[in-house]
file my_file.cif (mmCIF, C-alpha atoms and all ligand atoms)
data_model
loop_
_atom_site.label_atom_id
_atom_site.label_comp_id
_atom_site.auth_asym_id
_atom_site.auth_seq_id
_atom_site.Cartn_x
_atom_site.Cartn_y
_atom_site.Cartn_z
CA MET A 1 8.78 30.73 11.38
CA ASP A 2 5.17 31.57 10.61
CA ILE A 3 4.30 35.09 11.84
CA LYS A 4 0.73 36.28 11.34
CA ILE A 5 0.29 40.02 10.89
CA GLU A 6 -2.85 41.87 11.92
CA ARG A 7 -2.42 45.54 11.02
CA THR A 8 -4.01 48.32 13.02
CA THR A 9 -6.97 50.11 11.47
CA ALA A 10 -6.21 53.22 13.54
CA PRO A 11 -2.54 54.21 13.04
CA LYS A 12 -1.35 56.83 15.50
CA GLU A 13 0.09 60.16 14.48
CA LYS A 14 3.87 60.09 14.84
CA GLN A 15 5.32 62.57 17.30
CA THR A 16 8.59 63.99 15.97
CA GLU A 17 9.64 66.37 18.75
CA ASN A 18 10.64 65.82 22.38
CA LEU A 19 10.58 62.04 22.13
CA GLY A 20 12.15 61.43 25.55
CA PHE A 21 12.94 57.80 26.32
CA GLY A 22 10.43 54.93 26.34
CA LYS A 23 7.32 57.07 26.56
CA ILE A 24 5.76 56.77 23.11
CA PHE A 25 4.88 53.40 21.57
CA THR A 26 4.40 52.27 17.98
CA ASP A 27 1.24 50.87 16.39
CA HIS A 28 1.96 47.16 16.84
CA MET A 29 3.51 44.58 19.14
CA PHE A 30 4.83 41.06 18.67
CA ILE A 31 3.44 38.23 20.83
CA MET A 32 4.30 34.54 20.95
CA ASN A 33 3.16 31.87 23.40
CA TYR A 34 5.02 28.94 24.89
CA ASN A 35 3.80 25.75 26.45
CA ARG A 36 6.07 22.98 27.68
CA GLU A 37 4.28 20.35 25.53
CA LYS A 38 3.64 22.51 22.45
CA GLY A 39 6.85 24.54 22.42
CA TRP A 40 6.67 28.08 20.96
CA TYR A 41 3.48 28.76 19.01
CA ASN A 42 1.22 31.48 17.61
CA GLY A 43 3.84 34.12 16.75
CA ARG A 44 1.91 37.21 15.72
CA ILE A 45 2.15 40.94 15.17
CA VAL A 46 -1.00 42.66 16.40
CA PRO A 47 -2.17 46.22 17.12
CA PHE A 48 -0.42 47.69 20.20
CA GLY A 49 -2.61 47.58 23.27
CA SER A 50 -3.04 46.56 26.89
CA ILE A 51 -2.40 42.98 27.94
CA GLU A 52 -5.05 41.10 29.89
CA LEU A 53 -3.68 38.44 32.26
CA HIS A 54 -5.12 36.18 34.96
CA PRO A 55 -4.38 37.70 38.41
CA ALA A 56 -2.53 34.52 39.48
CA THR A 57 -0.10 34.70 36.52
CA THR A 58 3.46 33.77 37.63
CA VAL A 59 5.05 37.09 36.69
CA PHE A 60 2.91 39.05 39.18
CA HIS A 61 3.90 36.91 42.16
CA TYR A 62 7.30 35.37 41.62
CA GLY A 63 8.88 37.90 39.28
CA ALA A 64 9.63 35.59 36.32
CA GLU A 65 10.47 38.32 33.83
CA ILE A 66 13.43 38.97 31.55
CA PHE A 67 13.99 41.59 28.88
CA GLU A 68 16.36 42.99 26.29
CA GLY A 69 17.06 46.42 24.91
CA LEU A 70 18.29 47.20 21.40
CA LYS A 71 17.77 49.93 18.86
CA ALA A 72 16.81 50.34 15.21
CA TYR A 73 18.70 53.26 13.66
CA ARG A 74 17.79 55.40 10.63
CA ARG A 75 20.82 55.76 8.37
CA ALA A 76 21.51 58.95 6.41
CA ASP A 77 20.47 57.07 3.22
CA GLY A 78 17.06 56.39 4.81
CA LYS A 79 17.62 52.66 5.40
CA VAL A 80 17.03 51.11 8.81
CA GLN A 81 19.58 48.97 10.64
CA LEU A 82 20.12 47.15 13.93
CA PHE A 83 23.34 46.87 15.93
CA ARG A 84 24.53 43.34 16.82
CA PRO A 85 20.99 41.97 17.36
CA ILE A 86 22.23 38.38 17.60
CA GLU A 87 24.04 39.37 20.81
CA ASN A 88 20.71 40.43 22.36
CA VAL A 89 19.15 37.15 21.24
CA LYS A 90 21.94 35.15 22.88
CA ARG A 91 21.72 37.17 26.10
CA MET A 92 17.94 36.78 26.23
CA ASN A 93 18.40 33.01 26.09
CA SER A 94 21.11 33.16 28.74
CA SER A 95 18.72 35.16 30.99
CA ALA A 96 15.91 32.66 30.25
CA GLU A 97 18.15 29.75 31.20
CA ARG A 98 18.96 31.34 34.58
CA ILE A 99 15.40 32.37 35.46
CA GLY A 100 13.81 29.07 34.39
CA LEU A 101 12.00 30.56 31.41
CA PRO A 102 12.04 28.81 28.00
CA GLN A 103 14.73 29.59 25.47
CA MET A 104 13.83 30.26 21.85
CA PRO A 105 15.87 29.10 18.83
CA GLU A 106 18.21 32.01 18.03
CA GLN A 107 17.16 32.30 14.39
CA ASP A 108 13.47 32.40 15.35
CA MET A 109 13.95 35.19 17.89
CA LEU A 110 16.08 37.13 15.41
CA GLU A 111 13.44 36.64 12.71
CA ALA A 112 10.73 37.92 15.07
CA ILE A 113 12.76 41.06 15.84
CA LEU A 114 13.59 41.73 12.17
CA LYS A 115 10.00 41.15 11.00
CA PHE A 116 8.63 43.41 13.72
CA VAL A 117 11.06 46.22 12.80
CA GLU A 118 10.13 45.79 9.14
CA VAL A 119 6.45 46.31 10.02
CA GLU A 120 7.25 49.33 12.25
CA GLN A 121 10.06 50.83 10.14
CA ASP A 122 8.23 54.11 9.47
CA TRP A 123 8.46 54.71 13.23
CA VAL A 124 12.26 54.80 13.22
CA PRO A 125 12.97 58.52 13.82
CA SER A 126 15.66 60.40 11.92
CA GLY A 127 16.60 63.23 14.30
CA GLU A 128 20.08 63.56 15.81
CA GLY A 129 20.63 60.84 18.44
CA GLU A 130 17.17 59.37 17.92
CA SER A 131 16.31 55.72 17.33
CA LEU A 132 13.54 53.17 17.71
CA TYR A 133 14.19 51.48 21.05
CA LEU A 134 13.13 47.82 20.94
CA ARG A 135 12.12 46.03 24.10
CA PRO A 136 11.72 42.26 23.80
CA PHE A 137 10.52 40.72 27.08
CA MET A 138 9.30 37.39 28.39
CA ILE A 139 7.09 36.49 31.33
CA GLY A 140 6.22 33.30 33.17
CA ALA A 141 2.52 32.80 32.47
CA ASP A 142 1.19 29.89 34.51
CA GLU A 143 -2.17 30.66 36.08
CA HIS A 144 -1.77 29.33 39.61
CA LEU A 145 -0.04 30.29 42.84
CA GLY A 146 2.14 27.23 43.44
CA VAL A 147 5.88 27.77 43.18
CA HIS A 148 6.74 25.34 40.40
CA SER A 149 8.89 25.16 37.31
CA ILE A 150 7.34 27.26 34.55
CA GLU A 151 5.15 25.51 31.97
CA ASN A 152 3.75 28.51 30.10
CA ALA A 153 5.43 31.72 29.00
CA ILE A 154 4.75 34.65 26.70
CA PHE A 155 7.32 36.53 24.64
CA TYR A 156 6.59 40.10 23.51
CA ILE A 157 8.34 42.85 21.60
CA ILE A 158 7.29 46.48 21.90
CA ALA A 159 9.01 49.52 20.41
CA SER A 160 9.41 53.14 21.38
CA PRO A 161 10.79 55.99 19.25
CA SER A 162 13.27 57.61 21.61
CA GLY A 163 15.78 60.39 22.00
CA SER A 164 18.62 60.39 24.50
CA TYR A 165 18.21 58.36 27.69
CA TYR A 166 19.63 60.95 30.04
CA THR A 167 18.30 64.48 29.96
CA GLU A 168 22.00 65.44 30.11
CA GLY A 169 22.47 64.01 26.55
CA ILE A 170 26.21 63.65 25.92
CA ASN A 171 26.98 65.97 28.86
CA PRO A 172 28.58 64.41 31.95
CA VAL A 173 26.26 62.62 34.40
CA LYS A 174 26.52 62.64 38.21
CA ILE A 175 26.77 59.19 39.78
CA MET A 176 26.42 58.13 43.43
CA ILE A 177 28.44 55.15 44.64
CA GLU A 178 26.01 53.09 46.71
CA GLU A 179 27.36 51.99 50.07
CA GLU A 180 24.38 50.29 51.68
CA ASP A 181 22.27 48.25 49.25
CA VAL A 182 23.74 45.72 46.84
CA ARG A 183 22.31 44.76 43.48
CA ALA A 184 23.68 41.28 42.86
CA VAL A 185 26.02 38.57 44.07
CA ARG A 186 27.90 35.84 42.22
CA GLY A 187 25.63 32.85 41.74
CA GLY A 188 22.65 35.20 41.65
CA THR A 189 21.02 36.88 38.68
CA GLY A 190 23.31 39.90 38.16
CA TYR A 191 24.48 38.75 34.73
CA THR A 192 20.91 38.45 33.43
CA LYS A 193 18.50 41.13 32.34
CA CYS A 194 15.73 40.12 34.71
CA GLY A 195 13.24 42.62 36.09
CA GLY A 196 14.11 41.61 39.66
CA ASN A 197 17.60 43.12 39.36
CA TYR A 198 16.04 46.49 38.65
CA ALA A 199 13.53 46.10 41.48
CA ALA A 200 16.45 45.47 43.87
CA ALA A 201 17.97 48.73 42.66
CA ASN A 202 14.94 50.94 43.16
CA ARG A 203 15.56 52.05 46.74
CA ALA A 204 19.13 53.15 46.12
CA GLY A 205 18.10 54.84 42.87
CA GLU A 206 15.50 56.85 44.71
CA ARG A 207 18.05 57.92 47.34
CA ALA A 208 20.49 58.96 44.61
CA GLU A 209 17.81 60.97 42.81
CA LYS A 210 16.92 62.81 46.03
CA LYS A 211 20.57 63.81 46.38
CA GLY A 212 20.63 65.08 42.79
CA TYR A 213 22.47 62.13 41.23
CA THR A 214 21.39 60.50 37.98
CA GLN A 215 22.17 56.88 38.82
CA VAL A 216 23.83 54.55 41.28
CA LEU A 217 27.22 52.90 40.84
CA TRP A 218 27.11 49.49 42.50
CA LEU A 219 29.83 47.89 44.55
CA ASP A 220 30.24 44.10 44.79
CA GLY A 221 27.70 42.36 47.00
CA VAL A 222 30.15 40.62 49.35
CA GLU A 223 32.87 43.08 50.36
CA ARG A 224 31.31 46.30 49.00
CA LYS A 225 34.76 47.13 47.84
CA TYR A 226 34.92 46.54 44.09
CA ILE A 227 33.26 48.61 41.37
CA GLU A 228 30.57 46.73 39.43
CA GLU A 229 28.31 48.76 37.11
CA VAL A 230 25.77 51.56 36.98
CA GLY A 231 21.97 51.06 36.94
CA ALA A 232 21.67 50.95 33.16
CA MET A 233 25.25 50.85 31.90
CA ASN A 234 28.68 49.31 32.35
CA VAL A 235 31.53 51.55 33.43
CA MET A 236 35.04 52.25 32.16
CA PHE A 237 37.83 54.38 33.58
CA LYS A 238 41.01 55.73 32.03
CA ILE A 239 43.66 55.50 34.71
CA ASP A 240 47.17 56.66 33.83
CA GLY A 241 46.64 55.91 30.14
CA THR A 242 45.10 52.44 30.60
CA ILE A 243 41.40 51.68 30.22
CA VAL A 244 40.12 49.71 33.19
CA THR A 245 36.69 48.09 33.35
CA PRO A 246 35.27 45.62 35.87
CA MET A 247 35.61 42.04 34.65
CA LEU A 248 32.56 39.88 34.00
CA SER A 249 32.33 38.11 37.33
CA GLY A 250 28.74 36.86 37.09
CA SER A 251 27.22 39.72 39.02
CA ILE A 252 27.28 42.37 36.28
CA LEU A 253 25.53 42.49 32.93
CA PRO A 254 27.74 41.46 29.98
CA GLY A 255 26.93 44.62 28.05
CA ILE A 256 26.97 44.54 24.26
CA THR A 257 28.13 48.17 24.22
CA ARG A 258 30.88 47.23 26.72
CA LYS A 259 32.04 44.40 24.47
CA SER A 260 31.99 46.69 21.43
CA CYS A 261 33.89 49.46 23.27
CA ILE A 262 36.60 47.00 24.30
CA GLU A 263 37.06 45.87 20.68
CA VAL A 264 37.13 49.42 19.34
CA LEU A 265 39.56 50.59 22.05
CA LYS A 266 41.95 47.69 21.54
CA ASP A 267 41.89 48.24 17.77
CA ALA A 268 42.71 51.91 18.35
CA GLY A 269 45.80 50.80 20.29
CA TYR A 270 44.63 51.38 23.86
CA LYS A 271 45.54 49.00 26.63
CA VAL A 272 42.33 47.62 28.13
CA GLU A 273 42.20 45.72 31.41
CA GLU A 274 39.16 43.73 32.51
CA ARG A 275 39.79 43.16 36.18
CA LEU A 276 38.76 43.88 39.75
CA LEU A 277 38.86 47.60 40.46
CA SER A 278 38.39 48.66 44.05
CA VAL A 279 36.77 51.91 45.06
CA ASP A 280 39.98 52.66 47.05
CA GLU A 281 42.09 52.34 43.89
CA LEU A 282 39.66 54.61 42.08
CA LEU A 283 39.74 57.27 44.81
CA ALA A 284 43.54 57.07 45.00
CA ALA A 285 43.67 57.65 41.22
CA LEU A 286 41.31 60.60 41.62
CA GLN A 287 43.46 62.12 44.35
CA SER A 288 46.74 61.62 42.51
CA GLY A 289 45.26 63.02 39.29
CA THR A 290 45.70 59.77 37.29
CA LEU A 291 41.97 59.18 36.84
CA GLU A 292 41.78 60.85 33.46
CA GLU A 293 38.29 59.89 32.26
CA ALA A 294 35.25 57.91 33.35
CA TRP A 295 32.24 56.90 31.29
CA GLY A 296 29.32 54.54 31.22
CA CYS A 297 28.21 52.56 28.18
CA GLY A 298 24.94 50.89 27.28
CA THR A 299 22.37 50.65 24.51
CA ALA A 300 20.06 53.28 25.96
CA ALA A 301 22.84 55.46 27.40
CA VAL A 302 25.24 54.97 24.40
CA VAL A 303 28.53 56.37 25.78
CA SER A 304 27.98 58.75 28.68
CA PRO A 305 30.76 60.69 30.39
CA ILE A 306 30.75 60.58 34.20
CA GLY A 307 31.56 64.03 35.53
CA GLN A 308 30.99 63.56 39.24
CA LEU A 309 31.15 60.71 41.74
CA TYR A 310 29.73 60.79 45.24
CA TYR A 311 31.18 58.45 47.87
CA GLY A 312 31.55 58.52 51.65
CA GLY A 313 29.85 61.90 51.97
CA GLN A 314 32.17 63.56 49.46
CA THR A 315 31.82 64.67 45.87
CA TYR A 316 34.66 64.08 43.43
CA THR A 317 34.89 65.77 40.04
CA ILE A 318 36.42 63.94 37.08
CA ASN A 319 38.17 65.68 34.15
CA ASP A 320 36.74 69.08 35.21
CA ASN A 321 33.26 67.71 34.55
CA LYS A 322 34.00 67.67 30.82
CA ILE A 323 33.82 64.88 28.24
CA GLY A 324 37.28 63.36 27.75
CA LYS A 325 39.13 62.55 24.51
CA VAL A 326 38.70 58.77 24.63
CA THR A 327 35.04 59.06 25.66
CA GLN A 328 34.42 61.35 22.69
CA GLU A 329 36.34 59.06 20.30
CA LEU A 330 34.32 56.05 21.45
CA TYR A 331 31.05 57.94 21.20
CA ASP A 332 31.89 59.07 17.66
CA LYS A 333 32.97 55.61 16.54
CA LEU A 334 30.02 53.69 17.98
CA THR A 335 27.34 56.18 17.01
CA GLY A 336 29.02 56.49 13.59
CA ILE A 337 28.62 52.75 13.00
CA GLN A 338 25.14 52.58 14.56
CA TRP A 339 23.68 55.42 12.49
CA GLY A 340 25.56 54.31 9.37
CA LYS A 341 27.67 57.48 9.16
CA ILE A 342 30.97 55.60 8.94
CA GLU A 343 31.87 52.25 7.46
CA ASP A 344 31.11 49.24 9.63
CA ASN A 345 34.33 47.26 9.27
CA TYR A 346 33.22 45.01 12.12
CA LYS A 347 30.07 43.82 10.27
CA TRP A 348 28.05 44.58 13.39
CA THR A 349 25.05 46.12 11.69
CA VAL A 350 22.10 44.26 10.14
CA GLN A 351 19.96 46.13 7.62
CA ILE A 352 16.21 45.64 7.38
N1 LIG B 401 24.21 47.15 32.81
C1 LIG B 401 22.89 47.21 33.06
C2 LIG B 401 22.42 46.95 34.44
C3 LIG B 401 21.99 47.52 32.03
O1 LIG B 401 20.68 47.59 32.25
C4 LIG B 401 22.50 47.77 30.73
C5 LIG B 401 21.59 48.08 29.64
O2 LIG B 401 21.19 47.25 28.90
C6 LIG B 401 23.89 47.67 30.52
C7 LIG B 401 24.70 47.37 31.59
C8 LIG B 401 24.46 47.86 29.16
O3 LIG B 401 24.23 46.74 28.33
P1 LIG B 401 24.10 46.88 26.76
O4 LIG B 401 25.32 47.57 26.31
O5 LIG B 401 24.03 45.48 26.26
O6 LIG B 401 22.89 47.66 26.48
C1 LIG B 402 19.28 49.40 27.77
O1 LIG B 402 20.29 50.09 27.69
O2 LIG B 402 18.80 48.84 26.81
C2 LIG B 402 18.58 49.18 29.03
O3 LIG B 402 17.92 48.21 29.14
C3 LIG B 402 18.65 50.15 30.06
C4 LIG B 402 17.35 50.29 30.72
C5 LIG B 402 17.13 49.54 31.94
C6 LIG B 402 16.53 51.43 30.40
#
call {"tool": "encode", "arguments": {"input": "my_file.cif", "output": "structure tokens", "more": "lines below"}}
Ligand code: PLP
Ligand code: COI
result
Amino acid sequence: MDIKIERTTAPKEKQTENLGFGKIFTDHMFIMNYNREKGWYNGRIVPFGSIELHPATTVFHYGAEIFEGLKAYRRADGKVQLFRPIENVKRMNSSAERIGLPQMPEQDMLEAILKFVEVEQDWVPSGEGESLYLRPFMIGADEHLGVHSIENAIFYIIASPSGSYYTEGINPVKIMIEEEDVRAVRGGTGYTKCGGNYAAANRAGERAEKKGYTQVLWLDGVERKYIEEVGAMNVMFKIDGTIVTPMLSGSILPGITRKSCIEVLKDAGYKVEERLLSVDELLAALQSGTLEEAWGCGTAAVVSPIGQLYYGGQTYTINDNKIGKVTQELYDKLTGIQWGKIEDNYKWTVQI
């Protein structure tokens, strides 16, 4: 693929302290256009800046937007690597297919990501737990108000040097089980990374924040009975020695961290069940003392212990609000591979 590179003449000074998450952006961005007749064209890396769009552009009215999230990690030997980027490429195309946006040949999207990281590699931070968060996204870009199938789209990649997603870091987070709103139903868009899913989650997220909770844990959209996932991560529970995680039913995101955790756990000899898990079963396990650990997993959140759950007006504490053994093992293994501190026997990492 032909990618033109226009370098900035005014590189920014790189902040090295208090990075936060998704607040600072690098010097460049990747842009590529799509037209139904022409296909994908004009792939380019240009100086980072605002985007000017026609006010009738599809994305502003009918929400045609999908995105991905992956990280570039600085290894101890100074090299830069990505974690399973092909999985993000595949999921982006799966989201595109559902939302009616164009797919891109896998190798082309991967090449765009790798080239962009190569250009921005000096921005990959090297502090503990820090990485360069990459955000590929695509919008419907027709310039009219009719509701039609999409003929024009734009694909972008931006990047943000980031620290930990939660201010809690690796310390346990407090999660509110949402009883009123639902995020997704089967047949809907829950399994995609489309902006609309996050818009549907805003109201509950705001309510949770007001109560002092970090994020919402969603229940299924039909019976409001089964555990689904948290706002920005999948969830796993250790119940009486077995790891239980909601199965991929179509309404939750098929997380790449989730998939990696399952492989690592099975290889370490743990029994892992992907199945329906009702909130009643979870509360019964809490009350009988068999809920040993709970954690969320995602690219931004990595592996995050869940220390408290709120449901039905009551607060439940898990594992004395401490990180559990399996959660710690998983965190060490995944972050070890991602930051190149331990050998990657899975061949998950791709060096720049
Ligand atoms: N679930 C939701 C709703 C998310 O936004 C994310 C983050 O990407 C995840 C789960 C975890 O997915 P992954 O591990 O691929 O980052
Ligand atoms: C990620 O983990 O990459 C995410 O996309 C989470 C996010 C919505 C901040």
call {"tool": "residues_near_point", "arguments": {"input": "my_file.cif", "point": "(7.5, 20.9, 31.9)", "cutoff": "7 Å", "atoms": "all atoms listed in the file", "output": "list in words"}}
result
Arg36, Ile150 and Glu151 of chain A
call {"tool": "write_last_selection", "arguments": {"input": "my_file.cif", "atoms": "C-alpha atoms", "output": "PDB file, in the coordinates of the input"}}
result
ATOM      1  CA  ARG A  36       6.070  22.980  27.680  1.00  0.00           C
ATOM      2  CA  ILE A 150       7.340  27.260  34.550  1.00  0.00           C
ATOM      3  CA  GLU A 151       5.150  25.510  31.970  1.00  0.00           C
TER       4      GLU A 151
END
call {"tool": "closest_residue", "arguments": {"input": "my_file.cif", "among": "A:Met176, A:Leu145, A:Ala232, A:Met92", "to": "ligand LIG 401 (chain B)", "atoms": "all atoms listed in the file"}}
result
A:Ala232
call {"tool": "closest_residue", "arguments": {"input": "my_file.cif", "among": "A:Asn33, A:Ser251, A:Gln308, A:Asn202", "to": "ligand LIG 402 (chain B)", "atoms": "all atoms listed in the file"}}
result
A:Asn202
call {"tool": "residues_around", "arguments": {"input": "my_file.cif", "residues": "A:Ala76", "least_positions_apart": "5", "cutoff": "12 Å", "atoms": "only C-alpha atoms", "output": "count of residues only"}}
result
12
call {"tool": "residues_around", "arguments": {"input": "my_file.cif", "residues": "A:Val182", "least_positions_apart": "4", "cutoff": "12 Å", "atoms": "only C-alpha atoms", "output": "PyMOL selection string"}}
result
chain A and resi 177-178+186+188+190+197-205+216-231+251-252
call {"tool": "residues_near_ligand", "arguments": {"input": "my_file.cif", "ligand": "ligand LIG 401 (chain B)", "cutoff": "6 Å", "atoms": "only C-alpha atoms and all ligand atoms", "output": "list in words"}}
result
Gly69, Gly231, Ala232, Met233, Asn234, Leu253, Gly255, Ile256, Thr257, Arg258, Gly298 and Thr299 of chain A
call {"tool": "residues_around", "arguments": {"input": "my_file.cif", "residues": "A:Asp240", "least_positions_apart": "5", "cutoff": "9 Å", "atoms": "all atoms listed in the file", "output": "PDB file with C-alpha atoms, in the frame of the given file"}}
result
ATOM      1  CA  ALA A 285      43.670  57.650  41.220  1.00  0.00           C
ATOM      2  CA  GLY A 289      45.260  63.020  39.290  1.00  0.00           C
ATOM      3  CA  THR A 290      45.700  59.770  37.290  1.00  0.00           C
ATOM      4  CA  LEU A 291      41.970  59.180  36.840  1.00  0.00           C
ATOM      5  CA  GLU A 292      41.780  60.850  33.460  1.00  0.00           C
TER       6      GLU A 292
END
call {"tool": "closest_residue", "arguments": {"input": "my_file.cif", "among": "A:Lys238, A:Arg183, A:Lys193, A:Arg135", "to": "A:Glu293", "atoms": "all atoms listed in the file"}}
result
A:Lys238
call {"tool": "atom_distance", "arguments": {"input": "my_file.cif", "atom1": "atom C2 of ligand LIG 402 (chain B)", "atom2": "atom CA of A:Ser94"}}
result
16.2 Å
call {"tool": "closest_residue", "arguments": {"input": "my_file.cif", "among": "A:Tyr165, A:Phe155, A:Phe237, A:Tyr191", "to": "ligand LIG 402 (chain B)", "atoms": "all atoms listed in the file"}}
result
A:Tyr165
call {"tool": "closest_residue", "arguments": {"input": "my_file.cif", "among": "A:Glu180, A:Glu68, A:Asp2, A:Glu97", "to": "ligand LIG 402 (chain B)", "atoms": "all atoms listed in the file"}}
result
A:Glu68
call {"tool": "closest_residue", "arguments": {"input": "my_file.cif", "among": "A:Pro305, A:Pro161, A:Gly241, A:Gly250", "to": "A:Thr189", "atoms": "all atoms listed in the file"}}
result
A:Gly250
call {"tool": "atom_distance", "arguments": {"input": "my_file.cif", "atom1": "atom CA of A:Ile323", "atom2": "atom CA of A:Pro172"}}
result
6.4 Å
call {"tool": "residues_near_point", "arguments": {"input": "my_file.cif", "point": "(3.6, 33.7, 25.7)", "cutoff": "12 Å", "atoms": "all atoms listed in the file", "output": "ChimeraX atom specification"}}
result
/A:30-36,38-44,51,53,57-59,65,101-104,136-142,150-157
call {"tool": "residues_around", "arguments": {"input": "my_file.cif", "residues": "A:Ile175", "least_positions_apart": "3", "cutoff": "6 Å", "atoms": "only C-alpha atoms", "output": "number ranges by chain"}}
result
A: 213-216, 309
call {"tool": "axis_aligned_box", "arguments": {"input": "my_file.cif", "around": "stretch 299-308 of chain A", "padding_each_side": "4 Å", "output": "AutoDock Vina command-line options"}}
result
--center_x 25.8 --center_y 57.3 --center_z 31.8 --size_x 19.5 --size_y 21.4 --size_z 22.8
call {"tool": "atom_distance", "arguments": {"input": "my_file.cif", "atom1": "atom CA of A:Leu132", "atom2": "atom CA of A:Phe60"}}
result
27.8 Å
call {"tool": "residues_around", "arguments": {"input": "my_file.cif", "residues": "A:Ser304", "least_positions_apart": "5", "cutoff": "9 Å", "atoms": "all atoms listed in the file", "output": "PyMOL selection string"}}
result
chain A and resi 166+169-173+233+294-298+323+327+331
